[in-house]
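See below for structure06.txt, which holds compact mmCIF, C-alpha atoms.
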# COMPACT_ATOMS: atom_id res chain seq x y z
CA MET A 1 -46.60 -14.41 -42.29
CA GLY A 2 -48.30 -14.26 -38.89
CA ALA A 3 -50.38 -17.45 -39.32
CA THR A 4 -50.83 -19.75 -36.32
CA LEU A 5 -51.30 -23.46 -36.96
CA LYS A 6 -52.01 -26.44 -34.73
CA VAL A 7 -50.37 -29.56 -36.12
CA THR A 8 -51.12 -33.13 -35.01
CA VAL A 9 -48.95 -35.97 -36.30
CA GLY A 10 -49.86 -39.66 -36.48
CA PRO A 11 -50.42 -42.36 -35.78
CA ALA A 12 -48.39 -43.77 -38.66
CA VAL A 13 -50.01 -46.67 -40.49
CA VAL A 14 -48.09 -49.38 -42.36
CA SER A 15 -49.91 -50.64 -45.46
CA ASN A 16 -48.04 -53.05 -47.74
CA ASP A 17 -44.81 -51.33 -48.87
CA VAL A 18 -45.57 -47.85 -47.54
CA MET A 19 -45.87 -46.19 -44.12
CA VAL A 20 -48.35 -43.32 -44.16
CA VAL A 21 -47.80 -40.51 -41.65
CA PRO A 22 -50.86 -38.20 -41.46
CA LEU A 23 -50.39 -34.55 -40.52
CA ALA A 24 -53.63 -32.90 -39.40
CA VAL A 25 -53.59 -29.10 -39.57
CA HIS A 26 -55.92 -26.59 -37.90
CA LEU A 27 -55.65 -22.89 -38.73
CA ASP A 28 -56.01 -20.95 -35.48
CA LYS A 29 -55.13 -17.57 -36.94
CA ALA A 30 -54.75 -16.44 -40.53
CA GLY A 31 -51.72 -14.32 -41.38
CA SER A 32 -51.05 -11.73 -44.03
CA GLY A 33 -48.98 -12.61 -47.07
CA GLY A 34 -46.40 -15.33 -46.58
CA LEU A 35 -47.04 -18.84 -47.84
CA SER A 36 -50.00 -18.14 -50.08
CA SER A 37 -50.71 -18.52 -53.77
CA ASP A 38 -53.11 -15.57 -53.86
CA GLY A 39 -52.36 -13.56 -50.71
CA LYS A 40 -55.60 -14.67 -49.03
CA LYS A 41 -55.06 -18.31 -48.14
CA PHE A 42 -52.39 -20.14 -46.17
CA ASP A 43 -51.03 -22.92 -48.38
CA VAL A 44 -49.67 -25.56 -46.01
CA HIS A 45 -48.13 -27.63 -48.80
CA LEU A 46 -45.80 -24.72 -49.66
CA ALA A 47 -44.28 -24.97 -46.18
CA TRP A 48 -43.92 -28.75 -46.13
CA ASP A 49 -43.08 -29.48 -49.76
CA ARG A 50 -39.34 -29.86 -50.46
CA ASN A 51 -39.55 -31.16 -54.02
CA ASP A 52 -40.00 -28.88 -57.01
CA ARG A 53 -42.07 -31.49 -58.86
CA PHE A 54 -44.73 -32.21 -56.25
CA SER A 55 -46.97 -30.57 -53.69
CA GLY A 56 -47.70 -32.19 -50.37
CA ALA A 57 -45.67 -33.16 -47.31
CA ASP A 58 -42.57 -34.69 -48.87
CA GLY A 59 -40.35 -32.30 -46.89
CA VAL A 60 -41.18 -34.21 -43.70
CA ARG A 61 -38.41 -36.43 -42.29
CA LEU A 62 -38.06 -39.30 -39.83
CA VAL A 63 -35.21 -38.80 -37.35
CA ASP A 64 -33.68 -41.58 -35.25
CA LEU A 65 -31.47 -39.82 -32.70
CA ASP A 66 -30.27 -43.09 -31.16
CA ALA A 67 -29.04 -44.46 -34.49
CA GLY A 68 -28.00 -41.01 -35.79
CA THR A 69 -30.02 -41.33 -39.01
CA VAL A 70 -32.61 -39.44 -41.02
CA GLN A 71 -35.10 -40.89 -43.51
CA GLU A 72 -36.71 -39.04 -46.41
CA THR A 73 -40.06 -39.70 -48.06
CA PHE A 74 -39.69 -42.07 -51.00
CA LYS A 75 -43.10 -41.36 -52.52
CA ALA A 76 -44.80 -38.00 -52.97
CA SER A 77 -48.52 -37.34 -53.09
CA SER A 78 -49.86 -34.27 -54.89
CA GLN A 79 -51.94 -32.69 -52.16
CA SER A 80 -52.60 -28.95 -52.35
CA THR A 81 -54.13 -27.64 -49.14
CA SER A 82 -55.24 -24.04 -48.61
CA LEU A 83 -56.68 -22.82 -45.33
CA THR A 84 -58.57 -19.63 -44.51
CA ASP A 85 -60.15 -18.29 -41.34
CA LYS A 86 -63.57 -18.08 -43.04
CA GLU A 87 -63.83 -21.44 -44.78
CA PRO A 88 -63.34 -24.92 -43.19
CA ASP A 89 -59.97 -24.54 -41.52
CA ASP A 90 -58.92 -28.16 -41.04
CA ALA A 91 -56.98 -30.34 -43.46
CA THR A 92 -54.74 -33.41 -43.50
CA LEU A 93 -51.63 -34.04 -45.57
CA HIS A 94 -49.74 -37.34 -45.75
CA ALA A 95 -46.01 -38.10 -45.74
CA LEU A 96 -45.11 -41.45 -47.32
CA PHE A 97 -42.11 -43.47 -46.08
CA LYS A 98 -40.62 -46.91 -46.46
CA PRO A 99 -41.85 -48.89 -43.41
CA VAL A 100 -39.61 -49.09 -40.34
CA ASP A 101 -39.36 -51.80 -37.68
CA ALA A 102 -39.79 -49.45 -34.72
CA SER A 103 -43.00 -49.16 -32.68
CA THR A 104 -42.64 -45.37 -32.48
CA ILE A 105 -40.99 -42.75 -34.70
CA ASN A 106 -39.77 -39.17 -34.43
CA VAL A 107 -41.19 -36.94 -37.17
CA LEU A 108 -39.50 -33.66 -38.16
CA VAL A 109 -41.95 -31.28 -39.82
CA PRO A 110 -40.56 -28.16 -41.59
CA GLU A 111 -41.24 -24.94 -39.66
CA SER A 112 -43.36 -26.90 -37.15
CA GLY A 113 -40.93 -28.89 -35.01
CA LEU A 114 -39.92 -32.40 -33.96
CA PHE A 115 -42.76 -34.70 -32.96
CA GLU A 116 -41.31 -37.50 -30.81
CA GLY A 117 -42.80 -40.90 -30.00
CA VAL A 118 -45.40 -41.02 -32.78
CA PRO A 119 -46.93 -44.54 -32.63
CA VAL A 120 -46.72 -46.92 -35.60
CA VAL A 121 -49.77 -49.09 -36.34
CA ARG A 122 -49.35 -52.16 -38.54
CA ASP A 123 -52.96 -53.18 -39.22
CA GLY A 124 -52.98 -51.57 -42.67
CA LYS A 125 -56.25 -49.74 -41.95
CA LEU A 126 -55.96 -46.42 -43.77
CA SER A 127 -58.36 -43.52 -43.54
CA GLU A 128 -60.30 -42.56 -46.66
CA GLU A 129 -58.11 -39.45 -46.96
CA ALA A 130 -54.96 -41.58 -46.85
CA LYS A 131 -56.34 -43.97 -49.47
CA LYS A 132 -57.07 -41.02 -51.73
CA ALA A 133 -53.54 -39.67 -51.23
CA LEU A 134 -52.07 -43.03 -52.28
CA GLU A 135 -54.07 -43.01 -55.52
CA ASN A 136 -51.90 -40.24 -56.96
CA THR A 137 -48.29 -40.82 -55.89
CA TYR A 138 -44.92 -40.54 -57.56
CA ASP A 139 -41.52 -41.96 -56.74
CA THR A 140 -39.08 -39.29 -55.63
CA GLU A 141 -35.32 -39.28 -56.19
CA SER A 142 -34.71 -39.71 -52.47
CA SER A 143 -33.27 -42.88 -50.98
CA PRO A 144 -35.99 -44.86 -49.18
CA ASP A 145 -33.56 -46.06 -46.54
CA PRO A 146 -32.22 -44.10 -43.55
CA VAL A 147 -28.95 -42.21 -44.04
CA ALA A 148 -26.50 -40.95 -41.43
CA LEU A 149 -27.03 -37.49 -39.99
CA GLU A 150 -24.28 -35.12 -41.08
CA THR A 151 -22.25 -32.74 -38.95
CA PHE A 152 -20.62 -29.51 -40.02
CA THR A 153 -18.04 -27.55 -38.02
CA ALA A 154 -16.29 -24.37 -39.16
CA SER A 155 -13.59 -22.25 -37.59
CA VAL A 156 -14.88 -18.81 -36.69
CA ASP A 157 -12.09 -17.15 -38.67
CA GLY A 158 -13.12 -18.94 -41.87
CA ALA A 159 -9.79 -20.76 -42.21
CA SER A 160 -11.33 -24.22 -42.41
CA ASP A 161 -14.49 -26.28 -42.10
CA THR A 162 -15.21 -29.99 -41.69
CA ARG A 163 -18.18 -31.92 -42.98
CA VAL A 164 -18.78 -35.47 -41.71
CA THR A 165 -21.24 -37.80 -43.43
CA GLY A 166 -21.83 -41.47 -42.80
CA LYS A 167 -19.16 -42.41 -45.33
CA SER A 168 -16.61 -39.61 -45.50
CA VAL A 169 -14.92 -36.65 -43.84
CA THR A 170 -14.21 -33.54 -45.91
CA ILE A 171 -11.88 -30.86 -44.54
CA THR A 172 -11.90 -27.64 -46.55
CA LEU A 173 -8.95 -25.28 -46.06
CA ALA A 174 -9.07 -21.69 -47.27
CA SER A 175 -6.29 -21.02 -49.77
CA ASP A 176 -6.02 -17.42 -48.58
CA VAL A 177 -4.81 -18.82 -45.24
CA LEU A 178 -2.50 -21.43 -46.76
CA PHE A 179 -0.90 -19.38 -49.56
CA ASP A 180 -0.07 -15.89 -50.68
CA SER A 181 -1.85 -14.63 -53.78
CA ASP A 182 -1.02 -16.63 -56.93
CA SER A 183 1.52 -18.74 -55.01
CA ALA A 184 1.84 -22.43 -54.16
CA ASP A 185 4.34 -21.84 -51.33
CA LEU A 186 2.80 -22.43 -47.91
CA SER A 187 2.48 -19.28 -45.82
CA ALA A 188 3.72 -18.80 -42.27
CA GLN A 189 0.23 -19.31 -40.82
CA ALA A 190 -0.57 -22.40 -42.90
CA ASP A 191 0.73 -24.85 -40.30
CA THR A 192 -1.99 -23.96 -37.78
CA ALA A 193 -4.73 -25.16 -40.14
CA LEU A 194 -2.70 -28.08 -41.49
CA LYS A 195 -1.86 -29.40 -38.01
CA LYS A 196 -5.56 -29.48 -37.13
CA ALA A 197 -6.27 -31.36 -40.37
CA ALA A 198 -3.46 -33.82 -39.63
CA ASP A 199 -4.82 -34.41 -36.13
CA GLN A 200 -8.26 -35.16 -37.54
CA LEU A 201 -6.87 -37.64 -40.06
CA SER A 202 -4.84 -39.39 -37.36
CA THR A 203 -8.01 -40.35 -35.44
CA TYR A 204 -8.84 -42.89 -38.17
CA PRO A 205 -6.93 -46.16 -38.67
CA GLY A 206 -6.70 -45.77 -42.43
CA GLY A 207 -8.61 -45.27 -45.64
CA GLN A 208 -8.52 -43.38 -48.91
CA VAL A 209 -7.51 -39.71 -48.92
CA THR A 210 -7.97 -37.35 -51.85
CA ILE A 211 -6.44 -33.87 -51.79
CA VAL A 212 -7.85 -31.51 -54.40
CA GLY A 213 -6.93 -27.90 -55.11
CA HIS A 214 -9.45 -25.34 -56.40
CA THR A 215 -9.12 -21.73 -57.61
CA ASP A 216 -11.41 -18.87 -58.53
CA ASP A 217 -11.95 -17.76 -62.14
CA VAL A 218 -9.29 -15.04 -62.19
CA ALA A 219 -6.58 -15.78 -64.82
CA ASP A 220 -6.97 -18.33 -67.60
CA ASP A 221 -7.91 -22.00 -67.30
CA ALA A 222 -4.40 -23.37 -67.85
CA HIS A 223 -2.87 -21.11 -65.19
CA ASN A 224 -5.56 -21.98 -62.64
CA GLN A 225 -5.24 -25.69 -63.35
CA ASP A 226 -1.49 -25.60 -62.78
CA LEU A 227 -1.84 -23.48 -59.63
CA SER A 228 -4.45 -25.82 -58.15
CA ASN A 229 -2.23 -28.84 -58.85
CA ARG A 230 0.78 -27.29 -57.15
CA ARG A 231 -1.23 -26.12 -54.14
CA ALA A 232 -2.76 -29.57 -53.61
CA GLN A 233 0.71 -31.14 -53.78
CA ALA A 234 2.10 -28.63 -51.28
CA VAL A 235 -0.66 -29.53 -48.82
CA ALA A 236 -0.08 -33.27 -49.36
CA ASP A 237 3.66 -32.92 -48.79
CA ARG A 238 3.22 -30.97 -45.56
CA LEU A 239 0.56 -33.34 -44.19
CA GLY A 240 3.00 -36.19 -44.75
CA GLN A 241 5.51 -34.35 -42.57
CA LEU A 242 2.98 -33.62 -39.82
CA THR A 243 1.51 -37.13 -39.52
CA SER A 244 2.17 -40.59 -40.88
CA MET A 245 0.15 -41.18 -44.06
CA SER A 246 1.31 -44.78 -44.48
CA ALA A 247 -2.13 -46.16 -43.58
CA TYR A 248 -3.83 -44.13 -46.29
CA SER A 249 -4.09 -44.44 -50.05
CA VAL A 250 -3.44 -40.84 -51.14
CA SER A 251 -4.30 -39.16 -54.45
CA VAL A 252 -3.51 -35.54 -55.29
CA SER A 253 -5.03 -33.42 -58.06
CA GLY A 254 -6.21 -29.97 -59.04
CA LYS A 255 -9.51 -28.85 -60.52
CA GLY A 256 -8.61 -25.28 -61.34
CA GLU A 257 -11.76 -23.17 -61.60
CA SER A 258 -13.95 -26.02 -62.89
CA GLU A 259 -15.72 -26.88 -59.59
CA PRO A 260 -16.59 -23.65 -57.75
CA ARG A 261 -18.20 -23.91 -54.36
CA VAL A 262 -20.38 -20.91 -55.12
CA PRO A 263 -20.73 -18.73 -58.24
CA ASN A 264 -17.67 -16.57 -58.98
CA ASP A 265 -19.75 -13.40 -59.02
CA SER A 266 -18.19 -11.40 -56.16
CA ASP A 267 -14.89 -10.99 -54.34
CA GLU A 268 -16.37 -12.75 -51.30
CA ASN A 269 -17.48 -15.76 -53.36
CA ARG A 270 -14.15 -15.99 -55.16
CA GLN A 271 -12.46 -16.14 -51.77
CA LEU A 272 -14.69 -19.09 -50.82
CA ASN A 273 -13.80 -20.87 -54.06
CA ARG A 274 -10.04 -20.61 -53.45
CA ARG A 275 -9.56 -23.71 -51.34
CA VAL A 276 -7.95 -27.11 -50.89
CA GLU A 277 -10.26 -30.00 -49.99
CA ILE A 278 -9.06 -33.07 -48.10
CA THR A 279 -11.57 -35.93 -48.29
CA LEU A 280 -11.12 -39.10 -46.25
CA VAL A 281 -13.13 -42.26 -46.87
CA PRO A 282 -12.09 -44.27 -43.80
CA THR A 283 -11.93 -48.02 -43.42
CA GLU A 284 -14.45 -47.75 -40.59
CA SER A 285 -17.70 -45.81 -40.48
CA THR A 286 -17.44 -42.17 -39.45
CA SER A 287 -20.46 -42.73 -37.19
CA THR A 288 -18.20 -44.58 -34.75
CA LYS A 289 -16.25 -41.37 -34.22
CA SER A 290 -18.37 -39.25 -31.92
CA ASP A 291 -15.73 -36.52 -31.96
CA ALA A 292 -15.43 -36.29 -35.74
CA GLY A 293 -15.40 -32.70 -36.88
CA LYS A 294 -14.58 -31.27 -33.47
CA ASP A 295 -11.65 -29.00 -32.87
CA PRO A 296 -8.87 -31.55 -32.31
CA SER A 297 -7.06 -29.17 -30.01
CA GLY A 298 -9.84 -29.67 -27.49
CA LYS A 299 -9.61 -26.02 -26.48
CA GLY A 300 -13.16 -24.91 -25.93
CA GLY A 301 -12.37 -21.97 -23.66
CA GLY A 302 -11.73 -18.35 -24.47
CA ASP A 303 -13.94 -15.44 -25.45
CA LEU A 304 -16.74 -15.94 -27.93
CA PRO A 305 -16.56 -14.07 -31.25
CA LYS A 306 -17.83 -10.51 -31.06
CA ALA A 307 -21.52 -10.34 -31.89
CA GLU A 308 -22.56 -8.24 -34.89
CA GLY A 309 -26.25 -8.19 -33.95
CA PRO A 310 -28.56 -8.31 -30.93
CA VAL A 311 -27.64 -10.56 -27.98
CA ALA A 312 -29.95 -12.10 -25.37
CA LYS A 313 -30.65 -15.24 -23.41
CA GLY A 314 -32.38 -17.89 -25.49
CA SER A 315 -35.54 -17.80 -23.37
CA GLU A 316 -35.79 -14.03 -23.82
CA GLY A 317 -35.25 -14.05 -27.56
CA VAL A 318 -33.82 -11.51 -29.97
CA THR A 319 -35.60 -9.34 -32.53
CA VAL A 320 -33.89 -8.95 -35.88
CA LYS A 321 -34.84 -6.22 -38.35
CA ARG A 322 -34.22 -6.10 -42.07
CA GLY A 323 -34.28 -3.08 -44.33
CA SER A 324 -35.87 0.24 -43.43
CA GLY A 325 -39.46 -0.99 -42.93
CA GLU A 326 -41.19 -3.04 -40.25
CA ASP A 327 -39.91 -6.37 -41.62
CA LYS A 328 -38.64 -8.17 -38.51
CA LEU A 329 -38.66 -11.50 -36.70
CA THR A 330 -38.23 -12.40 -33.04
CA PHE A 331 -36.37 -15.67 -32.37
CA VAL A 332 -36.76 -17.55 -29.09
CA LEU A 333 -34.88 -20.71 -28.06
CA LYS A 334 -36.33 -21.72 -24.71
CA GLU A 335 -34.25 -24.81 -24.09
CA VAL A 336 -31.90 -27.35 -25.60
CA SER A 337 -32.02 -30.97 -24.45
CA ARG A 338 -29.67 -33.87 -25.04
CA ARG A 339 -30.84 -36.86 -27.08
CA GLY A 340 -27.99 -39.38 -27.07
CA LYS A 341 -25.04 -37.59 -28.63
CA TYR A 342 -27.25 -34.88 -30.15
CA LEU A 343 -28.64 -31.61 -28.83
CA VAL A 344 -32.23 -30.84 -29.79
CA GLY A 345 -33.85 -27.43 -29.51
CA GLU A 346 -36.88 -25.73 -31.00
CA VAL A 347 -36.63 -22.20 -32.35
CA LYS A 348 -39.83 -20.15 -32.29
CA ALA A 349 -39.97 -17.34 -34.86
CA THR A 350 -42.61 -14.63 -34.50
CA GLY A 351 -43.17 -12.00 -37.19
CA GLY A 352 -43.73 -8.30 -36.61
CA PRO A 353 -46.83 -6.25 -37.47
CA GLY A 354 -46.02 -6.26 -41.17
CA GLY A 355 -45.16 -9.96 -41.29
CA THR A 356 -42.35 -11.16 -43.51
CA ASN A 357 -42.23 -12.40 -47.08
CA VAL A 358 -39.47 -14.93 -46.41
CA GLY A 359 -39.24 -17.91 -44.09
CA PRO A 360 -37.19 -17.98 -40.86
CA ALA A 361 -34.37 -19.87 -42.57
CA ASP A 362 -33.57 -16.87 -44.77
CA TRP A 363 -32.83 -14.84 -41.64
CA LEU A 364 -30.38 -17.38 -40.23
CA GLN A 365 -27.58 -17.47 -42.79
CA PRO A 366 -24.25 -16.50 -41.18
CA THR A 367 -22.17 -16.99 -44.34
CA GLN A 368 -22.26 -15.94 -47.98
CA LEU A 369 -23.35 -19.44 -49.01
CA ALA A 370 -26.88 -18.96 -50.27
CA GLY A 371 -28.03 -22.59 -50.07
CA SER A 372 -26.85 -23.35 -46.54
CA ALA A 373 -24.15 -22.60 -44.01
CA ARG A 374 -22.64 -26.05 -44.56
CA GLY A 375 -20.78 -25.25 -47.75
CA GLU A 376 -23.24 -26.07 -50.48
CA GLU A 377 -25.88 -24.50 -52.65
CA ASP A 378 -29.03 -26.60 -52.38
CA THR A 379 -32.48 -25.08 -52.88
CA LYS A 380 -34.02 -27.91 -50.86
CA LEU A 381 -32.25 -26.52 -47.79
CA LEU A 382 -33.66 -23.00 -48.08
CA GLY A 383 -36.41 -23.90 -45.62
CA ALA A 384 -34.01 -25.38 -43.07
CA ILE A 385 -32.36 -23.34 -40.32
CA THR A 386 -28.88 -24.63 -41.14
CA GLY A 387 -27.47 -21.24 -40.21
CA LEU A 388 -28.15 -21.77 -36.51
CA SER A 389 -24.76 -22.40 -34.86
CA LEU A 390 -23.32 -23.59 -31.56
CA LEU A 391 -20.41 -21.29 -30.80
CA THR A 392 -17.11 -21.76 -29.03
CA ALA A 393 -14.16 -19.41 -29.11
CA GLN A 394 -12.73 -21.36 -32.07
CA THR A 395 -15.64 -23.00 -33.89
CA ARG A 396 -19.23 -22.71 -34.88
What is this structure when it is put down as structure tokens?
Amino acid sequence: MGATLKVTVGPAVVSNDVMVVPLAVHLDKAGSGGLSSDGKKFDVHLAWDRNDRFSGADGVRLVDLDAGTVQETFKASSQSTSLTDKEPDDATLHALFKPVDASTINVLVPESGLFEGVPVVRDGKLSEEAKKALENTYDTESSPDPVALETFTASVDGASDTRVTGKSVTITLASDVLFDSDSADLSAQADTALKKAADQLSTYPGGQVTIVGHTDDVADDAHNQDLSNRRAQAVADRLGQLTSMSAYSVSVSGKGESEPRVPNDSDENRQLNRRVEITLVPTESTSTKSDAGKDPSGKGGGDLPKAEGPVAKGSEGVTVKRGSGEDKLTFVLKEVSRRGKYLVGEVKATGGPGGTNVGPADWLQPTQLAGSARGEEDTKLLGAITGLSLLTAQTR
């Protein structure tokens, strides 16, 4: 893309049932290609829009790092903004949120960064631009209230991953680690993954546990349904031997090939779909468990996984090339700072001479999961750098 923008956020203004967050944009340098409808203009709303039905800044989020929550826009305003280096190069978009009680907010802007300490004004005095934006708004499908930030941890060998939301913990175990092909008998190496899962469950005082088996689309439906049932039961039986399940209400079932994680269109994707999922809805909020999703063994030492690409210090950056042309990006991570129990860093991506036709997020996908590295296919996450990982010898 190559465009350089200066973004100014705030102050936020509360007016009746909506909090308007203005985002003023100045185009310092026009790029080539990239986010443009005609190849000549830089369309800001294409970078900040995260809803297929609207244009505007509804991809902007409020982040409360103390409470561990994120808040989405609950109204969208159709604002199309194109900037050039020859015409007036300033514009303002508006993100619309349910009002908050805080005096300041942290605003996360896609591909621009985290703006901390943005003041909130409650006098209801909106600019003329903001009033115009509110004249043409639509309710989105997003929840207006804050939701808990999620965490995702995966073993570097692909044997398991853990996703923690505000209400549940989902541990996904790879069937290729647990079982031999077309078998429901636990393999010799299955206990390593199952012991870690049992240790994670034991950190909660109780709750509802569902254990569900899944297969790929090889063989017929009836065979896969039966295999998934038997595999789920084998996992449930072994977990009961490894830890006391008396505090949990446990249900066991199989889904066969009916709920694939990703499309069954390659050997790699079929491997991802062969899995057993253990979902815990605990009696207490997962947010009270600061160590949820971590390697329960506590072993953070050892050698890091062997790198398959360039390696450098974060402040120096690495340049990644794609294909045979000049399509490349340089990524720099100058520093990471602690905010409560979270680590916050800003990744700067700089394009090469030829620019790039895809956003930085497309370059940071360490797995075969197209939507995100967290185990889901979601087109709204294609602009997020979910593929950026913190590595230990065992987890990412």
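Using only C-alpha atoms, the protein and nucleic acid residues lying no more than 12 Å from Glu128 in chain A, apart from those fewer than 6 places from it along its own chain, are Pro22, Thr92, His94, Leu134 and Glu135 of chain A.
Restricting the calculation to all atoms listed in the file, the smallest distance between Ala184 in chain A and any of A:Ala232, A:Ala159, A:Val169, A:Leu242 is found for A:Ala232.
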Suppose you want the space between CA of Ala349 in chain A and CA of Glu316 in chain A; what is it in Å?
-> 12.3 Å
Quick one: pull the distance between CA of Val252 in chain A and CA of Thr215 in chain A, Å, one decimal.
-> 15.1 Å
Quick one: which range 173-194 of chain A residues come within 7 Å of range 268-283 of chain A, and what is the nearest atom pair for each with the distance in Å to one decimal, counting all atoms listed in the file, rows ordered by chain and ascending number, as a tab-separated table?
residue	atom	partner	partner_atom	distance
A:Leu173	CA	A:Val276	CA	5.3
A:Ala174	CA	A:Arg275	CA	4.6
A:Ser175	CA	A:Arg275	CA	4.5
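For the pair CA of Asp123 in chain A and CA of Ser15 in chain A, the separation is 7.4 Å.
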Would you kindly return, as a PyMOL selection string, each protein, DNA or RNA residue with an atom no farther than 7 Å from any atom of Thr330 in chain A, considering only C-alpha atoms and excluding same-chain residues fewer than 2 positions away?
-> chain A and resi 317-320+328+332+349-351
Could you write out the selected residues, including C-alpha atoms, as a PDB file, in the coordinates of the input?
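Output below, filename part31.pdb:
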ATOM      1  CA  GLY A 317     -35.250 -14.050 -27.560  1.00  0.00           C
ATOM      2  CA  VAL A 318     -33.820 -11.510 -29.970  1.00  0.00           C
ATOM      3  CA  THR A 319     -35.600  -9.340 -32.530  1.00  0.00           C
ATOM      4  CA  VAL A 320     -33.890  -8.950 -35.880  1.00  0.00           C
ATOM      5  CA  LYS A 328     -38.640  -8.170 -38.510  1.00  0.00           C
ATOM      6  CA  VAL A 332     -36.760 -17.550 -29.090  1.00  0.00           C
ATOM      7  CA  ALA A 349     -39.970 -17.340 -34.860  1.00  0.00           C
ATOM      8  CA  THR A 350     -42.610 -14.630 -34.500  1.00  0.00           C
ATOM      9  CA  GLY A 351     -43.170 -12.000 -37.190  1.00  0.00           C
TER      10      GLY A 351
END
Best match for closeness to Leu96 in chain A among A:Gly345, A:Gly59, A:Pro119, A:Gly68, counting only C-alpha atoms | A:Gly59
